[in-house]
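As structure tokens, the structure follows; a few thoughts come after it.
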Amino acid sequence: MTPERRVQLAQQGLKAIADFRVRLALLDQQVWPGLLGLPDRLALKVSKAWLDLWERRELRALRGP
């Protein structure tokens, strides 16, 4: 894979991450308060952590070797 193609894929990945973050923010507003929403909040927290990891990988790819 050429470096230019990798940069292009990283930029597309960052755009997808931003879209997912918007969706997670909307879902976060819909979670039930208290214990009823605990599983949903945990799932959102895991999703946010995964997005952070993905974002770090894409930013590292943009910086290059």
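Note on naming: chains are A, B, ... as they come in the structure tokens, residues start from 1 per chain, ligands start from 1 in the order shown.
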If you run DSSP on the backbone, which residues of chain A are alpha helix (DSSP H), as an mmCIF file with C-alpha atoms, in the first residue's frame?
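File written: states20.cif
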data_model
loop_
_atom_site.group_PDB
_atom_site.id
_atom_site.type_symbol
_atom_site.label_atom_id
_atom_site.label_comp_id
_atom_site.auth_asym_id
_atom_site.auth_seq_id
_atom_site.Cartn_x
_atom_site.Cartn_y
_atom_site.Cartn_z
ATOM 1 C CA PRO A 3 1.823 6.061 1.698
ATOM 2 C CA GLU A 4 -0.649 8.297 -0.150
ATOM 3 C CA ARG A 5 -3.300 5.575 -0.065
ATOM 4 C CA ARG A 6 -2.679 4.986 3.642
ATOM 5 C CA VAL A 7 -3.145 8.710 4.349
ATOM 6 C CA GLN A 8 -6.371 8.690 2.368
ATOM 7 C CA LEU A 9 -7.660 5.682 4.319
ATOM 8 C CA ALA A 10 -6.653 7.299 7.620
ATOM 9 C CA GLN A 11 -8.574 10.462 6.715
ATOM 10 C CA GLN A 12 -11.633 8.386 5.838
ATOM 11 C CA GLY A 13 -11.269 6.558 9.140
ATOM 12 C CA LEU A 14 -11.118 9.825 11.080
ATOM 13 C CA LYS A 15 -14.296 10.996 9.346
ATOM 14 C CA ALA A 16 -16.040 7.746 10.267
ATOM 15 C CA ILE A 17 -14.855 8.132 13.871
ATOM 16 C CA ALA A 18 -16.333 11.638 14.018
ATOM 17 C CA ASP A 19 -19.653 10.296 12.688
ATOM 18 C CA PHE A 20 -19.687 7.529 15.300
ATOM 19 C CA ARG A 21 -18.933 10.035 18.061
ATOM 20 C CA VAL A 22 -21.995 12.064 17.046
ATOM 21 C CA ARG A 23 -24.156 8.928 17.126
ATOM 22 C CA LEU A 24 -22.787 7.943 20.532
ATOM 23 C CA ALA A 25 -23.548 11.412 21.892
ATOM 24 C CA LEU A 26 -27.155 11.104 20.701
ATOM 25 C CA LEU A 27 -27.468 7.634 22.223
ATOM 26 C CA ASP A 28 -25.945 8.889 25.461
ATOM 27 C CA GLN A 29 -28.779 11.398 25.780
ATOM 28 C CA GLN A 30 -31.364 8.600 25.440
ATOM 29 C CA LEU A 38 -26.320 0.797 33.512
ATOM 30 C CA PRO A 39 -25.819 -1.805 30.733
ATOM 31 C CA ASP A 40 -26.366 0.874 28.099
ATOM 32 C CA ARG A 41 -23.921 3.269 29.753
ATOM 33 C CA LEU A 42 -21.312 0.516 29.992
ATOM 34 C CA ALA A 43 -21.752 -0.330 26.310
ATOM 35 C CA LEU A 44 -21.379 3.346 25.392
ATOM 36 C CA LYS A 45 -18.254 3.618 27.535
ATOM 37 C CA VAL A 46 -16.684 0.610 25.796
ATOM 38 C CA SER A 47 -17.637 2.047 22.402
ATOM 39 C CA LYS A 48 -16.015 5.374 23.254
ATOM 40 C CA ALA A 49 -12.841 3.617 24.412
ATOM 41 C CA TRP A 50 -12.723 1.628 21.166
ATOM 42 C CA LEU A 51 -13.162 4.837 19.148
ATOM 43 C CA ASP A 52 -10.290 6.445 21.075
ATOM 44 C CA LEU A 53 -8.059 3.472 20.237
ATOM 45 C CA TRP A 54 -9.082 3.561 16.578
ATOM 46 C CA GLU A 55 -8.499 7.319 16.432
ATOM 47 C CA ARG A 56 -4.988 6.981 17.892
ATOM 48 C CA ARG A 57 -4.145 4.347 15.250
ATOM 49 C CA GLU A 58 -5.386 6.547 12.416
ATOM 50 C CA LEU A 59 -3.516 9.596 13.718
ATOM 51 C CA ARG A 60 -0.369 7.492 14.015
ATOM 52 C CA ALA A 61 -0.840 6.396 10.390
ATOM 53 C CA LEU A 62 -1.151 10.015 9.298
ATOM 54 C CA ARG A 63 2.105 10.889 11.010
#
